[in-house]
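All remarks here apply to the structure that follows.
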Protein chains: 2
Amino acid sequence: MIISILGASTTKFGELWNVSPRAMAKEVMVNALNMSGLKSSDIDALYVGNMLSGILGNQANLGSLLVEELGVFIPAFRVEGACASGGLALHNAVNSIKAGQYKTVLVLGIEKMTDASLDETTNALMAAGSDEERMAGATFPGVYALMAQAYMKQYNVSEEDLASVSVKNHYHGTLNPKAQFRFPITINDVLKSPKIADPLKLLDCSPISDGAAAVIITGGGSKKIKKPIRIVASEIATDTLSLHDRKSFTSLHSVVEASHKAYKKSGLKPTDIDVAEIHDCFSISEAIAVEDLGFSKKGEGARDIAKEKRTLFKGDIICNSSGGLKACGHPVGATGIKQIVEITEQLRAESGERQVKGAKIGLTHNVGGSGAVTAIHILRV
Amino acid sequence: MIISILGASTTKFGELWNVSPRAMAKEVMVNALNMSGLKSSDIDALYVGNMLSGILGNQANLGSLLVEELGVFIPAFRVEGACASGGLALHNAVNSIKAGQYKTVLVLGIEKMTDASLDETTNALMAAGSDEERMAGATFPGVYALMAQAYMKQYNVSEEDLASVSVKNHYHGTLNPKAQFRFPITINDVLKSPKIADPLKLLDCSPISDGAAAVIITGGGSKKIKKPIRIVASEIATDTLSLHDRKSFTSLHSVVEASHKAYKKSGLKPTDIDVAEIHDCFSISEAIAVEDLGFSKKGEGARDIAKEKRTLFKGDIICNSSGGLKACGHPVGATGIKQIVEITEQLRAESGERQVKGAKIGLTHNVGGSGAVTAIHILRV
């Protein structure tokens, strides 16, 4: 069965203090419906990817809450897998269509993170980690800093090379009207920014954000969308929750496994990919990801990015044309769906100033809990 | 495609202060595997139904956490829809098999509620409600008490009739070794117990509990289980989150709709059902449920239960042979899966002292957020 994307929309990401989760959800649901030419009564089910609403907002049961904004009382689900919640929600929505249970499904990713204090939000995010990491006082910057230390030592990579990830993503963000940060930064800006967890500095880290994104997928057709973008692979893999249980600190096994399955399912290989949205929660994440996804040789990910091999108008496989988590923002449950929206727009040649010319095939890489779970989707024209 | 249940297990429900969520999960996963004759490496994905782990335990990403206890790193998901989380997880697991994505899936329901203070747990449970209900100070006993007031007035039903639900379920609980409460109660005990929210008294209310339950389902066969129980319908429906937005206080639209879809899908009718597990979070819930499910005429649900039409060894359609939420306990995310375990054991004629003779067809009724979402499953030999 062919699964097509009929509608795709994202809010602006950022510190949206004057917007409620309901309003964010409604905005993207209405926009996705408008793009698809469908009415809300054409939607058979709602999937919501969200991590923190229960912890930070005392609101569980988000599926039931948000069907109210859609105005139709259809089966609704919240799917959670830390920062991969969006990708996991989409995977289950795809399955529900392939199963013949639903025909057309709206998948929403949403997170409201900036209404709580930074301490509360940081603690809440560690709910994605393990007891051992939490009790040792580790935060996610700390966990990824351990990976960065190992990576830099093992492959003789410099802080400048890592910084180039953030520089690239901020450049892309300047071209994205929905991005949280729309200013360019330099390698020196990154190096001079405050240390968060050595060797990661403030500008190596993605921000705390609010935002929502929605896609409408179907196993049927659409009168309005003649050539819809297709989802040709949706694959998930897991690994241990704790870093200390893993064999390698410089590769995420869940990314390798999920992407292998996705390439096999789609009959594609890494070099077929034109554009990719990468889960760059930290600069080190994108450096390792482009290697695990097969875009760069092992140890060369950061250096390839420093050589602008992943940059708009310059590279071979363009990574994070949206600005990525670093510049576009990282409302955790929304990220996996925002990635799908960005790739959909690229493949529809609707990305404006940041359009990657001739993009036909795209990939999204959505990771939860420092690699405990990874969702890979491949889309094509 | 035929979806079969190969393994099913539940922990004892209760105040399990000396048992961790990991240990609860491991116990039921191992027992379900042993019953099925499968190894953990035969399992293709893990679905976890859970509501409160993030809020009360600061542990999100339960899918990734609990595959560690299963010992295999397979795709893993947490599905949440308040107290219907278990039923929603099973629905998505069924879809994932019908989609051809996975062949054999373990579905776990789990909740650890008694490690927090009663105030914390009560607040956390209200995360299933709406802002308006929360801000008005409503708790779930308060919301269901409003339904009970309307129901008693509309149908001239007495407190004694409602109390008979708890009396029946406590009687059934005395026969279930896994139940939280294994003592009988009388109508007078219920009437004399402290008022919680008029007209609901302490013994009209299900308890706060810890527990886990697991089922293994497959689209394939099994060497060990020659005649597996089949899932012949898995249907979901939603309604408004808030009571004040609904047309009726004496019927739950989501239950009516989900059960209609389930009867249609299975080709069965209410009178075909031999045993049912009902979501009796309060006595009023079961009275209304047996009407919405078509077991009793409108307004006669409580009276039918008082006449012992739903009681072991006496009734036509036996409801809550496990003891229900009232006596077996209500670890919210586990409840929907525990219901499946109970019906599976009944249909396999393995329910010991509480066996309903000749039970061939069973139904589970799992509700979240005072009727905001309902999951109905129908199982048969």
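Going by the structure tokens order, chains are called A, B, ..., each with residues numbered from 1, while ligands are numbered from 1 in the order shown.
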Identify all chain B residues at most 8 Å from chain A by counting only C-alpha atoms; ligands do not count. Present them as an MDAnalysis selection string. chainID B and resid 51:52 54:55 58:65 68 73:82 88 92 95:101 124 126:130 236:241 368:369 372:373
For the selection you just gave me, I'd like the residues written to a file as a CSV table (one decimal), in the first residue's frame, keeping C-alpha atoms.
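File part.csv, as written:
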```
chain,number,residue,atom,x,y,z
B,51,MET,CA,-0.3,6.9,32.1
B,52,LEU,CA,1.6,8.2,35.1
B,54,GLY,CA,6.4,10.4,33.8
B,55,ILE,CA,4.4,12.5,36.3
B,58,ASN,CA,10.0,11.0,36.4
B,59,GLN,CA,10.4,8.1,33.9
B,60,ALA,CA,9.3,8.7,30.4
B,61,ASN,CA,10.4,6.5,27.4
B,62,LEU,CA,9.1,3.4,29.2
B,63,GLY,CA,9.3,1.4,25.9
B,64,SER,CA,13.0,1.8,25.7
B,65,LEU,CA,13.4,1.2,29.5
B,68,GLU,CA,16.0,-3.9,28.6
B,73,PHE,CA,16.4,-4.5,21.5
B,74,ILE,CA,13.2,-4.3,19.4
B,75,PRO,CA,11.0,-1.4,18.4
B,76,ALA,CA,9.2,-0.1,21.5
B,77,PHE,CA,6.4,2.3,22.1
B,78,ARG,CA,4.6,3.9,25.0
B,79,VAL,CA,0.9,4.6,24.2
B,80,GLU,CA,-1.1,6.8,26.6
B,81,GLY,CA,-4.8,7.7,26.8
B,82,ALA,CA,-5.3,8.1,30.6
B,88,LEU,CA,-5.1,1.9,23.2
B,92,ASN,CA,-1.9,-0.2,18.1
B,95,ASN,CA,-2.7,-2.7,13.9
B,96,SER,CA,1.1,-3.1,13.7
B,97,ILE,CA,0.6,-6.8,13.0
B,98,LYS,CA,-2.2,-6.4,10.5
B,99,ALA,CA,0.0,-3.8,8.7
B,100,GLY,CA,2.6,-6.5,8.2
B,101,GLN,CA,5.2,-4.5,10.2
B,124,ALA,CA,-1.8,13.3,38.7
B,126,MET,CA,-6.7,14.7,37.0
B,127,ALA,CA,-4.2,15.1,34.2
B,128,ALA,CA,-6.8,12.9,32.3
B,129,GLY,CA,-9.4,15.6,32.8
B,130,SER,CA,-9.9,19.1,31.3
B,236,ILE,CA,-11.7,3.0,19.8
B,237,ALA,CA,-13.9,6.0,20.1
B,238,THR,CA,-13.6,9.4,21.7
B,239,ASP,CA,-15.9,12.0,23.2
B,240,THR,CA,-15.4,15.5,24.8
B,241,LEU,CA,-12.9,15.6,27.7
B,368,GLY,CA,-10.1,6.9,29.9
B,369,GLY,CA,-10.9,10.3,31.4
B,372,ALA,CA,-13.2,10.8,26.8
B,373,VAL,CA,-11.9,7.7,25.2
```
After fit on chain A (all C-alpha, ordered pairs), chain B as a short mmCIF file (atom, residue, chain, number, x, y, z; two decimals) with C-alpha atoms, in the first residue's frame:
```cif
data_model
loop_
_atom_site.label_atom_id
_atom_site.label_comp_id
_atom_site.auth_asym_id
_atom_site.auth_seq_id
_atom_site.Cartn_x
_atom_site.Cartn_y
_atom_site.Cartn_z
CA MET B 1 0.02 0.01 0.01
CA ILE B 2 1.25 3.51 -0.84
CA ILE B 3 1.15 5.98 2.05
CA SER B 4 1.00 9.58 0.85
CA ILE B 5 1.38 12.92 2.61
CA LEU B 6 -1.49 15.25 1.72
CA GLY B 7 -0.92 18.10 4.15
CA ALA B 8 1.93 19.38 6.30
CA SER B 9 2.29 22.41 8.53
CA THR B 10 4.33 23.72 11.42
CA THR B 11 3.95 26.67 13.77
CA LYS B 12 6.81 29.06 14.20
CA PHE B 13 9.06 27.48 16.84
CA GLY B 14 10.27 29.53 19.79
CA GLU B 15 9.24 30.89 23.16
CA LEU B 16 5.52 31.09 22.47
CA TRP B 17 4.40 32.38 25.85
CA ASN B 18 1.17 33.83 24.52
CA VAL B 19 0.00 30.67 22.74
CA SER B 20 -1.66 27.66 24.40
CA PRO B 21 -1.04 24.05 23.34
CA ARG B 22 -4.63 23.93 22.07
CA ALA B 23 -4.05 27.00 19.89
CA MET B 24 -0.75 25.64 18.52
CA ALA B 25 -2.43 22.35 17.66
CA LYS B 26 -5.40 24.04 16.03
CA GLU B 27 -3.18 26.27 13.87
CA VAL B 28 -1.23 23.38 12.32
CA MET B 29 -4.23 21.05 12.01
CA VAL B 30 -6.25 23.70 10.14
CA ASN B 31 -3.29 24.60 7.90
CA ALA B 32 -2.58 20.93 7.10
CA LEU B 33 -6.26 20.39 6.27
CA ASN B 34 -6.32 23.46 4.00
CA MET B 35 -3.23 22.26 2.14
CA SER B 36 -4.72 18.80 1.69
CA GLY B 37 -8.11 19.99 0.50
CA LEU B 38 -9.73 17.74 3.10
CA LYS B 39 -12.29 18.56 5.79
CA SER B 40 -11.86 17.47 9.40
CA SER B 41 -14.64 14.95 8.83
CA ASP B 42 -12.35 13.21 6.31
CA ILE B 43 -9.87 12.38 9.10
CA ASP B 44 -10.29 8.91 10.64
CA ALA B 45 -7.85 9.08 13.56
CA LEU B 46 -5.50 11.44 15.37
CA TYR B 47 -2.02 10.49 16.59
CA VAL B 48 -0.24 12.87 18.96
CA GLY B 49 3.50 12.71 19.59
CA ASN B 50 4.29 14.40 22.89
CA MET B 51 6.69 13.80 25.76
CA LEU B 52 6.21 16.36 28.53
CA SER B 53 2.60 17.54 28.67
CA GLY B 54 1.83 15.34 31.66
CA ILE B 55 4.94 16.29 33.60
CA LEU B 56 5.10 20.03 32.84
CA GLY B 57 1.48 20.79 32.03
CA ASN B 58 -0.42 18.25 34.17
CA GLN B 59 -2.30 17.33 30.98
CA ALA B 60 -2.32 13.69 29.92
CA ASN B 61 -4.76 12.19 27.42
CA LEU B 62 -3.70 14.73 24.77
CA GLY B 63 -5.36 12.69 22.03
CA SER B 64 -8.79 13.22 23.52
CA LEU B 65 -7.99 16.84 24.34
CA LEU B 66 -6.93 17.74 20.82
CA VAL B 67 -9.68 15.98 18.86
CA GLU B 68 -11.83 18.70 20.45
CA GLU B 69 -9.80 21.29 18.50
CA LEU B 70 -10.18 19.24 15.34
CA GLY B 71 -13.93 19.24 15.99
CA VAL B 72 -14.50 15.57 15.20
CA PHE B 73 -14.62 12.77 17.76
CA ILE B 74 -12.39 10.16 16.17
CA PRO B 75 -10.03 7.57 17.71
CA ALA B 76 -7.09 9.45 19.22
CA PHE B 77 -3.79 8.32 20.68
CA ARG B 78 -0.79 9.83 22.39
CA VAL B 79 2.47 8.06 21.55
CA GLU B 80 5.56 8.77 23.62
CA GLY B 81 9.21 7.82 23.25
CA ALA B 82 11.03 10.87 24.65
CA CYS B 83 12.36 13.17 21.87
CA ALA B 84 11.42 10.53 19.25
CA SER B 85 7.72 10.79 20.17
CA GLY B 86 6.86 12.44 16.84
CA GLY B 87 8.55 9.75 14.76
CA LEU B 88 6.99 6.96 16.82
CA ALA B 89 3.54 8.54 16.45
CA LEU B 90 3.97 8.69 12.68
CA HIS B 91 5.12 5.05 12.57
CA ASN B 92 1.97 3.93 14.36
CA ALA B 93 -0.20 6.10 12.16
CA VAL B 94 1.36 4.52 9.06
CA ASN B 95 0.74 1.04 10.51
CA SER B 96 -2.89 1.88 11.33
CA ILE B 97 -3.49 2.74 7.66
CA LYS B 98 -1.63 -0.31 6.32
CA ALA B 99 -3.70 -2.44 8.71
CA GLY B 100 -6.87 -1.20 7.02
CA GLN B 101 -8.12 0.23 10.33
CA TYR B 102 -8.04 3.89 9.25
CA LYS B 103 -7.75 5.47 5.80
CA THR B 104 -6.64 9.02 6.49
CA VAL B 105 -4.86 10.03 9.68
CA LEU B 106 -3.64 13.32 11.12
CA VAL B 107 -0.36 13.10 13.02
CA LEU B 108 0.46 15.94 15.35
CA GLY B 109 3.69 16.59 17.23
CA ILE B 110 3.50 19.13 20.01
CA GLU B 111 5.46 20.39 22.99
CA LYS B 112 5.15 23.36 25.35
CA MET B 113 8.41 23.65 27.26
CA THR B 114 9.00 27.31 28.10
CA ASP B 115 6.12 27.87 30.51
CA ALA B 116 8.01 25.98 33.24
CA SER B 117 11.26 27.08 34.87
CA LEU B 118 14.50 25.96 33.21
CA ASP B 119 15.20 23.70 36.20
CA GLU B 120 11.80 22.03 35.91
CA THR B 121 12.21 21.53 32.17
CA THR B 122 15.75 20.15 32.52
CA ASN B 123 14.59 17.70 35.19
CA ALA B 124 11.60 16.70 33.10
CA LEU B 125 13.79 16.01 30.07
CA MET B 126 15.88 13.62 32.15
CA ALA B 127 12.75 11.47 32.36
CA ALA B 128 14.03 10.14 29.04
CA GLY B 129 17.19 8.85 30.71
CA SER B 130 17.91 6.04 33.11
CA ASP B 131 17.77 6.02 36.89
CA GLU B 132 21.53 5.62 37.05
CA GLU B 133 22.17 8.66 34.86
CA ARG B 134 19.62 10.73 36.77
CA MET B 135 20.94 9.74 40.17
CA ALA B 136 24.50 10.53 39.07
CA GLY B 137 23.28 14.05 38.28
CA ALA B 138 23.72 13.67 34.53
CA THR B 139 21.74 15.90 32.20
CA PHE B 140 21.50 15.39 28.45
CA PRO B 141 24.28 17.91 27.69
CA GLY B 142 26.41 15.88 30.12
CA VAL B 143 25.60 12.57 28.46
CA TYR B 144 26.27 13.90 24.96
CA ALA B 145 29.47 15.59 26.20
CA LEU B 146 30.77 12.13 27.11
CA MET B 147 30.12 11.03 23.53
CA ALA B 148 31.81 14.17 22.21
CA GLN B 149 34.90 13.53 24.37
CA ALA B 150 35.17 9.97 23.10
CA TYR B 151 34.54 10.99 19.50
CA MET B 152 37.06 13.83 19.45
CA LYS B 153 39.75 11.64 20.99
CA GLN B 154 39.05 8.57 18.84
CA TYR B 155 39.01 10.44 15.52
CA ASN B 156 41.21 13.43 16.31
CA VAL B 157 38.35 15.86 15.74
CA SER B 158 38.61 19.50 16.89
CA GLU B 159 36.10 21.71 18.70
CA GLU B 160 36.11 23.88 15.57
CA ASP B 161 34.97 20.91 13.46
CA LEU B 162 32.10 20.22 15.86
CA ALA B 163 31.19 23.91 15.96
CA SER B 164 30.70 23.86 12.19
CA VAL B 165 27.49 21.86 12.72
CA SER B 166 25.90 24.75 14.61
CA VAL B 167 27.27 27.32 12.17
CA LYS B 168 25.71 25.44 9.25
CA ASN B 169 22.37 25.01 10.99
CA HIS B 170 22.20 28.67 12.02
CA TYR B 171 22.90 29.65 8.42
CA HIS B 172 20.02 27.44 7.27
CA GLY B 173 17.84 28.88 10.04
CA THR B 174 18.30 32.40 8.68
CA LEU B 175 16.36 31.22 5.62
CA ASN B 176 13.48 29.57 7.53
CA PRO B 177 10.67 31.91 8.62
CA LYS B 178 9.49 29.30 11.16
CA ALA B 179 12.89 28.95 12.90
CA GLN B 180 13.43 29.98 16.51
CA PHE B 181 16.85 31.57 15.77
CA ARG B 182 17.25 33.46 12.50
CA PHE B 183 20.74 34.88 12.89
CA PRO B 184 24.06 33.54 11.58
CA ILE B 185 26.84 32.52 13.96
CA THR B 186 30.56 31.95 13.41
CA ILE B 187 32.92 29.21 14.58
CA ASN B 188 34.36 31.78 16.96
CA ASP B 189 30.91 32.56 18.40
CA VAL B 190 30.47 28.87 19.23
CA LEU B 191 33.94 28.54 20.77
CA LYS B 192 33.47 31.70 22.87
CA SER B 193 30.02 30.75 24.14
CA PRO B 194 29.72 29.53 27.76
CA LYS B 195 30.73 25.95 28.51
CA ILE B 196 27.72 23.75 29.31
CA ALA B 197 29.40 20.34 29.63
CA ASP B 198 32.97 20.13 28.31
CA PRO B 199 33.50 20.12 25.31
CA LEU B 200 29.93 21.27 24.55
CA LYS B 201 29.28 24.99 24.71
CA LEU B 202 25.99 26.86 24.69
CA LEU B 203 26.01 27.15 20.88
CA ASP B 204 26.62 23.39 20.53
CA CYS B 205 23.24 22.78 22.21
CA SER B 206 19.71 22.95 20.83
CA PRO B 207 17.35 25.27 22.71
CA ILE B 208 14.22 24.70 24.78
CA SER B 209 11.24 25.52 22.59
CA ASP B 210 7.50 25.54 22.08
CA GLY B 211 5.94 24.40 18.85
CA ALA B 212 3.64 22.07 16.97
CA ALA B 213 3.68 20.38 13.58
CA ALA B 214 1.12 18.29 11.72
CA VAL B 215 0.99 16.01 8.72
CA ILE B 216 -1.99 14.33 7.11
CA ILE B 217 -1.26 10.91 5.63
CA THR B 218 -3.53 8.62 3.66
CA GLY B 219 -3.70 5.23 2.02
CA GLY B 220 -6.14 6.71 -0.48
CA GLY B 221 -5.80 9.62 -2.85
CA SER B 222 -6.72 13.27 -2.93
CA LYS B 223 -8.45 15.41 -5.51
CA LYS B 224 -6.35 18.44 -4.67
CA ILE B 225 -2.87 16.83 -4.36
CA LYS B 226 -2.14 15.19 -7.70
CA LYS B 227 1.40 14.04 -6.95
CA PRO B 228 1.64 13.54 -3.21
CA ILE B 229 4.92 12.84 -1.43
CA ARG B 230 5.13 9.17 -0.44
CA ILE B 231 6.46 7.59 2.77
CA VAL B 232 8.49 4.65 1.47
CA ALA B 233 10.02 3.54 4.80
CA SER B 234 9.08 3.92 8.45
CA GLU B 235 11.41 2.02 10.75
CA ILE B 236 12.19 2.01 14.48
CA ALA B 237 15.04 0.56 16.54
CA THR B 238 16.03 0.68 20.19
CA ASP B 239 19.21 0.42 22.26
CA THR B 240 19.99 0.50 25.98
CA LEU B 241 18.70 3.56 27.83
CA SER B 242 22.01 4.15 29.60
CA LEU B 243 25.19 5.11 27.80
CA HIS B 244 27.26 2.94 30.17
CA ASP B 245 25.60 -0.23 28.87
CA ARG B 246 26.64 0.39 25.25
CA LYS B 247 29.54 -1.05 23.31
CA SER B 248 30.35 2.22 21.55
CA PHE B 249 30.18 5.88 22.57
CA THR B 250 30.87 7.10 19.04
CA SER B 251 28.04 5.41 17.17
CA LEU B 252 24.36 5.00 18.03
CA HIS B 253 23.33 1.42 17.36
CA SER B 254 19.63 2.31 17.12
CA VAL B 255 20.39 4.76 14.29
CA VAL B 256 22.46 2.20 12.38
CA GLU B 257 19.78 -0.47 12.74
CA ALA B 258 16.75 1.69 11.98
CA SER B 259 18.41 3.25 8.93
CA HIS B 260 19.57 -0.14 7.60
CA LYS B 261 15.99 -1.39 7.85
CA ALA B 262 14.70 1.77 6.15
CA TYR B 263 17.19 1.53 3.27
CA LYS B 264 16.31 -2.13 2.80
CA LYS B 265 12.55 -1.48 2.90
CA SER B 266 12.77 1.36 0.38
CA GLY B 267 15.38 -0.21 -1.87
CA LEU B 268 17.45 2.96 -1.52
CA LYS B 269 20.99 3.64 -0.36
CA PRO B 270 22.54 6.60 1.51
CA THR B 271 23.81 8.21 -1.69
CA ASP B 272 20.23 8.29 -3.05
CA ILE B 273 19.23 10.77 -0.34
CA ASP B 274 19.09 14.43 -1.43
CA VAL B 275 17.94 16.09 1.79
CA ALA B 276 17.84 14.90 5.38
CA GLU B 277 16.56 16.29 8.65
CA ILE B 278 18.96 15.19 11.39
CA HIS B 279 18.28 15.09 15.15
CA ASP B 280 21.05 17.55 16.09
CA CYS B 281 20.11 17.98 19.74
CA PHE B 282 23.84 18.73 20.12
CA SER B 283 26.50 19.38 17.48
CA ILE B 284 28.06 15.99 18.29
CA SER B 285 24.72 14.29 17.53
CA GLU B 286 24.73 15.41 13.90
CA ALA B 287 28.41 14.55 13.42
CA ILE B 288 27.79 10.98 14.60
CA ALA B 289 24.44 10.75 12.80
CA VAL B 290 25.76 11.48 9.31
CA GLU B 291 28.22 8.61 9.85
CA ASP B 292 25.64 6.18 11.27
CA LEU B 293 23.30 7.01 8.38
CA GLY B 294 26.05 6.23 5.85
CA PHE B 295 26.44 9.79 4.54
CA SER B 296 30.04 10.11 5.81
CA LYS B 297 32.82 7.69 6.61
CA LYS B 298 33.33 6.84 10.27
CA GLY B 299 35.19 9.66 11.99
CA GLU B 300 34.64 12.06 9.09
CA GLY B 301 31.15 13.35 9.91
CA ALA B 302 32.17 16.56 11.66
CA ARG B 303 34.97 17.24 9.18
CA ASP B 304 32.62 16.71 6.23
CA ILE B 305 30.24 19.26 7.72
CA ALA B 306 33.18 21.64 8.29
CA LYS B 307 34.02 21.23 4.59
CA GLU B 308 30.42 22.31 3.85
CA LYS B 309 29.49 18.96 2.33
CA ARG B 310 26.10 19.18 4.07
CA THR B 311 25.35 22.86 3.49
CA LEU B 312 22.66 24.47 1.33
CA PHE B 313 23.85 25.29 -2.22
CA LYS B 314 27.16 23.51 -1.57
CA GLY B 315 26.83 19.93 -0.35
CA ASP B 316 26.00 16.49 -1.64
CA ILE B 317 23.40 15.43 0.94
CA ILE B 318 21.91 18.56 2.49
CA CYS B 319 21.32 18.14 6.22
CA ASN B 320 18.91 20.23 8.26
CA SER B 321 17.74 22.71 5.69
CA SER B 322 15.18 23.77 8.33
CA GLY B 323 17.96 24.88 10.66
CA GLY B 324 17.71 21.62 12.55
CA LEU B 325 17.04 21.35 16.25
CA LYS B 326 19.81 23.89 16.87
CA ALA B 327 18.38 26.85 14.96
CA CYS B 328 14.81 25.87 14.09
CA GLY B 329 14.23 24.84 17.74
CA HIS B 330 13.46 21.62 19.58
CA PRO B 331 9.97 21.33 21.06
CA VAL B 332 10.69 17.67 21.67
CA GLY B 333 7.42 15.95 20.74
CA ALA B 334 7.03 18.22 17.70
CA THR B 335 10.51 17.70 16.26
CA GLY B 336 9.89 14.35 14.53
CA ILE B 337 6.86 15.75 12.70
CA LYS B 338 8.51 19.09 11.90
CA GLN B 339 11.21 17.07 10.13
CA ILE B 340 8.54 15.42 7.97
CA VAL B 341 7.02 18.83 7.19
CA GLU B 342 10.42 20.21 6.14
CA ILE B 343 11.20 17.26 3.86
CA THR B 344 7.70 17.37 2.38
CA GLU B 345 8.13 21.05 1.51
CA GLN B 346 11.58 20.37 0.01
CA LEU B 347 10.27 17.53 -2.16
CA ARG B 348 7.33 19.68 -3.25
CA ALA B 349 9.85 22.43 -4.13
CA GLU B 350 8.06 24.83 -1.78
CA SER B 351 10.98 25.73 0.49
CA GLY B 352 11.53 29.22 -0.86
CA GLU B 353 14.97 30.68 -0.14
CA ARG B 354 16.26 27.43 1.35
CA GLN B 355 15.04 25.17 -1.48
CA VAL B 356 17.47 22.39 -2.36
CA LYS B 357 17.24 22.23 -6.15
CA GLY B 358 16.03 18.95 -7.60
CA ALA B 359 15.43 17.27 -4.23
CA LYS B 360 13.53 14.04 -4.93
CA ILE B 361 14.31 11.80 -1.94
CA GLY B 362 14.53 12.79 1.73
CA LEU B 363 15.17 11.17 5.09
CA THR B 364 14.25 12.07 8.66
CA HIS B 365 16.28 10.96 11.69
CA ASN B 366 14.48 11.36 15.04
CA VAL B 367 16.18 10.16 18.22
CA GLY B 368 14.94 9.74 21.80
CA GLY B 369 16.90 9.44 25.02
CA SER B 370 20.52 9.77 23.79
CA GLY B 371 19.95 7.01 21.23
CA ALA B 372 17.66 4.69 23.21
CA VAL B 373 15.18 4.85 20.36
CA THR B 374 15.40 6.03 16.76
CA ALA B 375 12.75 6.57 14.10
CA ILE B 376 13.82 6.78 10.46
CA HIS B 377 11.44 7.79 7.69
CA ILE B 378 12.26 8.00 3.99
CA LEU B 379 10.08 10.14 1.71
CA ARG B 380 10.15 10.53 -2.02
CA VAL B 381 8.42 12.34 -4.82
#
```
Enumerate, as JSON, numbers by chain, the complete set of residues in segment 47-131 of chain B that a backbone-based DSSP assignment places in strand (DSSP E or B). {"B": [47, 48, 49, 76, 77, 78, 79, 80, 81, 83, 104, 105, 106, 107, 108, 109, 110, 111, 112]}
Next, write the just-selected residues to a file, as a PDB file, in the first residue's frame, keeping C-alpha atoms as the atom set.
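This is the output file part.pdb:
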```pdb
ATOM      1  CA  TYR B  47       3.918  -1.773  23.289  1.00  0.00           C
ATOM      2  CA  VAL B  48       3.593  -0.250  26.755  1.00  0.00           C
ATOM      3  CA  GLY B  49       0.330   1.199  28.062  1.00  0.00           C
ATOM      4  CA  ALA B  76       9.207  -0.138  21.549  1.00  0.00           C
ATOM      5  CA  PHE B  77       6.411   2.349  22.117  1.00  0.00           C
ATOM      6  CA  ARG B  78       4.554   3.905  25.005  1.00  0.00           C
ATOM      7  CA  VAL B  79       0.901   4.607  24.237  1.00  0.00           C
ATOM      8  CA  GLU B  80      -1.097   6.838  26.561  1.00  0.00           C
ATOM      9  CA  GLY B  81      -4.775   7.702  26.812  1.00  0.00           C
ATOM     10  CA  CYS B  83      -6.946   4.990  32.135  1.00  0.00           C
ATOM     11  CA  THR B 104       4.494 -11.139  17.169  1.00  0.00           C
ATOM     12  CA  VAL B 105       4.132  -8.333  19.696  1.00  0.00           C
ATOM     13  CA  LEU B 106       4.220  -8.125  23.478  1.00  0.00           C
ATOM     14  CA  VAL B 107       1.783  -5.635  24.986  1.00  0.00           C
ATOM     15  CA  LEU B 108       2.430  -4.542  28.538  1.00  0.00           C
ATOM     16  CA  GLY B 109       0.235  -2.434  30.794  1.00  0.00           C
ATOM     17  CA  ILE B 110       1.889  -1.048  33.888  1.00  0.00           C
ATOM     18  CA  GLU B 111       1.348   1.511  36.620  1.00  0.00           C
ATOM     19  CA  LYS B 112       3.072   2.317  39.911  1.00  0.00           C
TER      20      LYS B 112
END
```
